[in-house]
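Peer 1: Okay, handing you the structure first.
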Amino acid sequence: MDYLPLFFKLTQQNVLLVGGGNVALRKARLLCRAGTTVTVIAHHVCDELQDLLDENQGSSIVGEYHPALLDGKVLVIAATDDNALNQRIHFDATERNIPINVVDCPELCTFVFPAIVDRSPVIIGISSGGSAPVLARLLRARLETWIPKSYGKLASIASSFRDQVKQRFSSVNQRRVFWEDVLQGQIAEKIFSGRTEEATTLLQEKIEHADPEHQVGEVYLIGGGPGDPELLTFKALRLMQQADVVLYDALVSPAVLDLCRRDADLIFVGKKRDNHAVPQEGINDLLVKHAQKGKRVVRLKGGDPFIFGRGGEELETLKAHNIPFQVVPGITAASACSTYAGIPLTHRNYAQSVKFVTGQLKNRTSDLNFDELVHPNQTLVFYMGLHTLPQLSSKLIEHGKSGDTPAAIVSKGTSSDQKVLTGTLATLAKLQEKAQLEAPALIIVGEVVNLHENLSWFGEEVLAQNLTPVTAEK
């Protein structure tokens, strides 16, 4: 380890910054955020830097650097492009045992600036020791996406309740369990969603009525999207990685499931046509049972849980048992699959509205209002309609939809096995008999399907003429 990571308290401490350009400005911003008193020495100080100094009780000197400027300083930063001057500042500072950073010159530094993730009072510093600063910034960018901005507020609120928790729980282990629940449970989630007062009230109640032997868990109803793990939301990923138990559907891809917490209990509750691993009532009971044991339970569904996902039914059961829950939307299959197939769902020249339709109703019949579905200038997207495609097509035509209306099937959308079959409302069912594209699949009906040939960018197109797959350019 070339550098020992330390966090210095520099509030109201005097720091010397040599240089007055954009590089010096970036360093000055960090120093001011840390509450330092900055003195700048340079031949020219840019306006933005001068404004920053004026706003933060700093000062600037126009002129030449000289060693006397180091008097009373606890830190020195050289942000100049004059190598001889940088070496002189390094010599003067080290002779006085003052920490020195020379920008972009690691050999002249006794300390380095890390890439910072600021969630004050939580601070994360990432450093490559000056050898690969771009890599450190890339790592910081990743952490920025994983750590909510509200973590700082969460830390501050937790700090304000530490003494009460110590009085309520005599055991260190009890306090650890309590804080793990607070920092990863519904109190933290309320803070992340901006409901700070509710979170504070709930934390106070939790301390006053805490029973270390019995804790009620929480359920996270999460939309896992269409299959590509990069389409998950940040919130979905965060909750998946803190789950104790995961109940997942057949439409959840292995790549998405692999992002759940490694030691979580994974329970398959998928339903396919005429093959339900666990009945819906059984799924509801499992959610209740595990939450009542104090577990954090993720209910992971393909697509979006509120679009043909029966998520509402599950939440009704949780509500009846007073189990806290929250819902994380996912990218629904209609949006994702049409996008990856190059078929816009709306287009001002072709479609001004879009309808999401289930091809399989609760009574296992396709009892749809076809008069409403045949309106012009709209796109139809059928979920779970692959096995009823002939009936759907004939009914639409029977109710006035032209048999020449463009139509497409997108099979296994967003995955490496994605295939798209295009035809018309009159021909698509017959083409599918030959092509045998596999579920999960969506059916898209409307003039926007004509845009597929020009906008296709991902996966394979199954040509209607000979039904041979052609790989699209990526």
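Chain labels follow the order of the structure tokens: the first chain is A, the next B, and so on; residue numbering restarts at 1 in every chain, and ligands are counted from 1 in their shown order.
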Using only C-alpha atoms, which residues sit within 10 Å of A:Cys105 once same-chain residues fewer than 4 positions away are excluded, as a list in words?
Peer 2: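 Contacts, in chain order: Ala78, Ala79, Asn83, Asn86, Gln87, Asn101, Cys109, Val112, Gly130 and Ser131 of chain A.
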Peer 1: May I have the selected residues written with N, CA and C atoms, as a PDB file, in the first residue's frame?
Peer 2:
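Heads up, here's the output in part27.pdb:
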```
ATOM      1  N   ALA A  78      -0.011  22.603  -5.466  1.00  0.00           N
ATOM      2  CA  ALA A  78       0.589  23.296  -6.608  1.00  0.00           C
ATOM      3  C   ALA A  78      -0.161  22.879  -7.860  1.00  0.00           C
ATOM      4  N   ALA A  79      -0.811  23.840  -8.499  1.00  0.00           N
ATOM      5  CA  ALA A  79      -1.588  23.568  -9.714  1.00  0.00           C
ATOM      6  C   ALA A  79      -1.071  24.450 -10.837  1.00  0.00           C
ATOM      7  N   ASN A  83       7.276  23.240 -14.231  1.00  0.00           N
ATOM      8  CA  ASN A  83       7.880  22.125 -13.509  1.00  0.00           C
ATOM      9  C   ASN A  83       8.904  22.586 -12.484  1.00  0.00           C
ATOM     10  N   ASN A  86       7.052  23.917  -9.513  1.00  0.00           N
ATOM     11  CA  ASN A  86       6.452  22.817  -8.754  1.00  0.00           C
ATOM     12  C   ASN A  86       7.492  22.116  -7.883  1.00  0.00           C
ATOM     13  N   GLN A  87       8.698  21.917  -8.428  1.00  0.00           N
ATOM     14  CA  GLN A  87       9.750  21.264  -7.651  1.00  0.00           C
ATOM     15  C   GLN A  87      10.177  22.130  -6.471  1.00  0.00           C
ATOM     16  N   ASN A 101       0.618  18.489  -2.475  1.00  0.00           N
ATOM     17  CA  ASN A 101       0.120  17.801  -3.666  1.00  0.00           C
ATOM     18  C   ASN A 101       0.454  18.645  -4.874  1.00  0.00           C
ATOM     19  N   CYS A 109       4.321  14.418  -4.866  1.00  0.00           N
ATOM     20  CA  CYS A 109       3.201  14.481  -3.924  1.00  0.00           C
ATOM     21  C   CYS A 109       3.501  13.694  -2.654  1.00  0.00           C
ATOM     22  N   VAL A 112      -2.339  12.466  -2.147  1.00  0.00           N
ATOM     23  CA  VAL A 112      -3.057  12.569  -3.413  1.00  0.00           C
ATOM     24  C   VAL A 112      -4.535  12.825  -3.130  1.00  0.00           C
ATOM     25  N   GLY A 130      -2.354   7.868  -7.941  1.00  0.00           N
ATOM     26  CA  GLY A 130      -1.867   8.745  -9.003  1.00  0.00           C
ATOM     27  C   GLY A 130      -1.490   8.033 -10.276  1.00  0.00           C
ATOM     28  N   SER A 131      -1.539   6.685 -10.292  1.00  0.00           N
ATOM     29  CA  SER A 131      -1.096   5.944 -11.474  1.00  0.00           C
ATOM     30  C   SER A 131      -2.162   5.853 -12.555  1.00  0.00           C
TER      31      SER A 131
END
```
Peer 1: Pick out the residues sitting within 10 Å of A:Ser416, and hand them over as a list in words; count only C-alpha atoms, and ignore anything fewer than 6 positions along from it in its own chain.
Peer 2: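 Returned residues: Gly227, Asp228, Phe458, Gly459 and Glu460 of chain A.
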Peer 1: Residues of stretch 259-400 of chain A in alpha helix (DSSP H) according to DSSP, as an NGL selection string?
Peer 2: :A and (280-292 or 311-320 or 333-340 or 370-373 or 389-398)
Peer 1: Which residues, written as a PyMOL selection string, have at least one atom at most 12 Å from A:Gln204, with only C-alpha atoms counted and residues fewer than 6 positions away on the same chain left out?
Peer 2: chain A and resi 157-158+160-162+164-165+168+182+187+197-198+210
Peer 1: When you count only C-alpha atoms, which of these residues is closest to A:Arg261: A:Leu237, A:Gly330, A:Ala320, A:Glu438?
Peer 2: A:Leu237
Peer 1: Using DSSP on the backbone coordinates, identify the residues of stretch 25-214 of chain A assigned to strand (DSSP E); present them as a CSV table (one decimal) with N, CA and C atoms, in the first residue's frame.
Peer 2:
```
chain,number,residue,atom,x,y,z
A,37,THR,N,-9.8,27.6,4.7
A,37,THR,CA,-9.6,28.9,4.3
A,37,THR,C,-8.5,28.9,3.3
A,38,VAL,N,-8.8,29.3,2.0
A,38,VAL,CA,-7.9,29.1,0.9
A,38,VAL,C,-7.2,30.4,0.6
A,39,THR,N,-5.9,30.4,0.4
A,39,THR,CA,-5.1,31.5,-0.1
A,39,THR,C,-4.6,31.1,-1.5
A,40,VAL,N,-4.8,31.9,-2.5
A,40,VAL,CA,-4.3,31.6,-3.8
A,40,VAL,C,-3.2,32.5,-4.2
A,41,ILE,N,-2.1,32.0,-4.7
A,41,ILE,CA,-1.1,32.9,-5.3
A,41,ILE,C,-0.9,32.5,-6.8
A,42,ALA,N,-1.0,33.5,-7.6
A,42,ALA,CA,-0.8,33.3,-9.1
A,42,ALA,C,-0.6,34.6,-9.8
A,59,SER,N,-8.8,34.2,-0.1
A,59,SER,CA,-8.1,35.4,-0.5
A,59,SER,C,-7.2,35.0,-1.7
A,60,SER,N,-6.8,36.0,-2.5
A,60,SER,CA,-5.9,35.8,-3.6
A,60,SER,C,-4.8,36.9,-3.6
A,61,ILE,N,-3.7,36.4,-4.1
A,61,ILE,CA,-2.5,37.3,-4.2
A,61,ILE,C,-2.0,37.2,-5.6
A,62,VAL,N,-1.9,38.3,-6.3
A,62,VAL,CA,-1.4,38.3,-7.7
A,62,VAL,C,0.1,38.6,-7.6
A,75,LEU,N,-1.6,22.8,4.6
A,75,LEU,CA,-1.6,22.0,3.3
A,75,LEU,C,-1.3,22.9,2.2
A,76,VAL,N,-0.6,22.3,1.2
A,76,VAL,CA,-0.2,23.0,0.0
A,76,VAL,C,-0.6,22.2,-1.3
A,77,ILE,N,-1.2,23.0,-2.2
A,77,ILE,CA,-1.4,22.4,-3.5
A,77,ILE,C,-0.8,23.2,-4.6
A,78,ALA,N,0.0,22.6,-5.5
A,78,ALA,CA,0.6,23.3,-6.6
A,78,ALA,C,-0.2,22.9,-7.9
A,100,ILE,N,2.0,18.1,0.7
A,100,ILE,CA,2.1,18.8,-0.6
A,100,ILE,C,1.5,17.9,-1.7
A,101,ASN,N,0.6,18.5,-2.5
A,101,ASN,CA,0.1,17.8,-3.7
A,101,ASN,C,0.5,18.6,-4.9
A,102,VAL,N,1.2,18.0,-5.8
A,102,VAL,CA,1.5,18.7,-7.1
A,102,VAL,C,0.6,18.0,-8.1
A,115,ALA,N,-10.7,10.2,-6.0
A,115,ALA,CA,-12.0,10.4,-6.5
A,115,ALA,C,-13.0,10.3,-5.4
A,116,ILE,N,-13.9,11.2,-5.3
A,116,ILE,CA,-14.7,11.3,-4.0
A,116,ILE,C,-16.2,11.1,-4.4
A,117,VAL,N,-16.8,10.2,-3.6
A,117,VAL,CA,-18.3,10.1,-3.6
A,117,VAL,C,-18.7,10.7,-2.3
A,118,ASP,N,-19.4,11.8,-2.4
A,118,ASP,CA,-19.8,12.6,-1.2
A,118,ASP,C,-21.2,12.4,-0.9
A,119,ARG,N,-21.4,11.7,0.2
A,119,ARG,CA,-22.7,11.6,0.8
A,119,ARG,C,-22.6,12.0,2.3
A,122,VAL,N,-21.2,10.7,5.2
A,122,VAL,CA,-20.5,9.5,4.6
A,122,VAL,C,-19.6,10.0,3.4
A,123,ILE,N,-18.4,9.7,3.5
A,123,ILE,CA,-17.4,10.1,2.4
A,123,ILE,C,-16.7,8.8,1.9
A,124,ILE,N,-16.6,8.6,0.6
A,124,ILE,CA,-15.9,7.5,0.0
A,124,ILE,C,-14.8,8.1,-0.9
A,125,GLY,N,-13.6,7.7,-0.6
A,125,GLY,CA,-12.5,8.1,-1.4
A,125,GLY,C,-11.9,6.9,-2.2
A,126,ILE,N,-11.6,7.1,-3.5
A,126,ILE,CA,-11.1,6.1,-4.3
A,126,ILE,C,-9.8,6.6,-5.0
```
Peer 1: Just give me the gap between atom CA of A:Glu453 and atom CA of A:Tyr340 in Å, one decimal is fine.
Peer 2: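 Here the two named atoms are 12.4 Å from each other.
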Peer 1: Please provide the set of residues having any atom within 10 Å of stretch 317-319 of chain A, restricted to only C-alpha atoms, with same-chain residues fewer than 3 positions apart removed, written as a ChimeraX atom specification.
Peer 2: /A:218-219,281,284-285,287-288,291,312-314,322-325
Peer 1: Check the smallest atom-to-atom distance from each of A:Ser193, A:Asn56, A:Asn14, A:Gln50 to A:Arg33 using only C-alpha atoms, then report the winner.
Peer 2: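 Among A:Ser193, A:Asn56, A:Asn14, A:Gln50, it is A:Asn56 that comes nearest to A:Arg33.
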Peer 1: Would you kindly return, as a ChimeraX atom specification, each protein, DNA or RNA residue with an atom no farther than 12 Å from any atom of A:Leu251, considering only C-alpha atoms and excluding same-chain residues fewer than 6 positions away?
Peer 2: /A:223-228,257,268-272,300-305,309,332-333,384,412-413,415,439-441
Peer 1: A:Phe306, A:Leu232, A:Phe178, A:Leu368: which is nearest A:Lys206, counting only C-alpha atoms?
Peer 2: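 Checking each candidate against A:Lys206, we get A:Phe178 as the closest.
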Peer 1: If we count only C-alpha atoms and set the cut-off at 10 Å, which residues sit around A:Asn22, ignoring sequence neighbours fewer than 5 positions away in its own chain? Please answer as a PyMOL selection string.
Peer 2: chain A and resi 27-28+45-46+48-49+79
Peer 1: Take the selection from the previous step and output its residues with N, CA and C atoms, as a PDB file, in the first residue's frame.
Peer 2:
```pdb
ATOM      1  N   LYS A  27      -9.569  22.205  -7.617  1.00  0.00           N
ATOM      2  CA  LYS A  27      -9.066  21.891  -6.277  1.00  0.00           C
ATOM      3  C   LYS A  27      -9.670  22.826  -5.239  1.00  0.00           C
ATOM      4  N   ALA A  28      -9.837  24.082  -5.598  1.00  0.00           N
ATOM      5  CA  ALA A  28     -10.390  25.051  -4.662  1.00  0.00           C
ATOM      6  C   ALA A  28     -11.826  24.693  -4.286  1.00  0.00           C
ATOM      7  N   VAL A  45      -5.621  35.222 -11.644  1.00  0.00           N
ATOM      8  CA  VAL A  45      -6.659  34.400 -11.024  1.00  0.00           C
ATOM      9  C   VAL A  45      -7.929  34.525 -11.859  1.00  0.00           C
ATOM     10  N   CYS A  46      -8.429  33.396 -12.362  1.00  0.00           N
ATOM     11  CA  CYS A  46      -9.619  33.442 -13.219  1.00  0.00           C
ATOM     12  C   CYS A  46     -10.830  33.934 -12.420  1.00  0.00           C
ATOM     13  N   GLU A  48     -13.908  32.941 -12.118  1.00  0.00           N
ATOM     14  CA  GLU A  48     -14.713  31.966 -11.378  1.00  0.00           C
ATOM     15  C   GLU A  48     -14.036  31.574 -10.075  1.00  0.00           C
ATOM     16  N   LEU A  49     -12.694  31.465 -10.110  1.00  0.00           N
ATOM     17  CA  LEU A  49     -11.948  31.147  -8.892  1.00  0.00           C
ATOM     18  C   LEU A  49     -12.030  32.300  -7.900  1.00  0.00           C
ATOM     19  N   ALA A  79      -0.811  23.840  -8.499  1.00  0.00           N
ATOM     20  CA  ALA A  79      -1.588  23.568  -9.714  1.00  0.00           C
ATOM     21  C   ALA A  79      -1.071  24.450 -10.837  1.00  0.00           C
TER      22      ALA A  79
END
```
Peer 1: What gap, in Å, lies between atom CA of A:Phe234 and atom CA of A:Ala132?
Peer 2: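 Between these atoms lies a distance of 26.8 Å.
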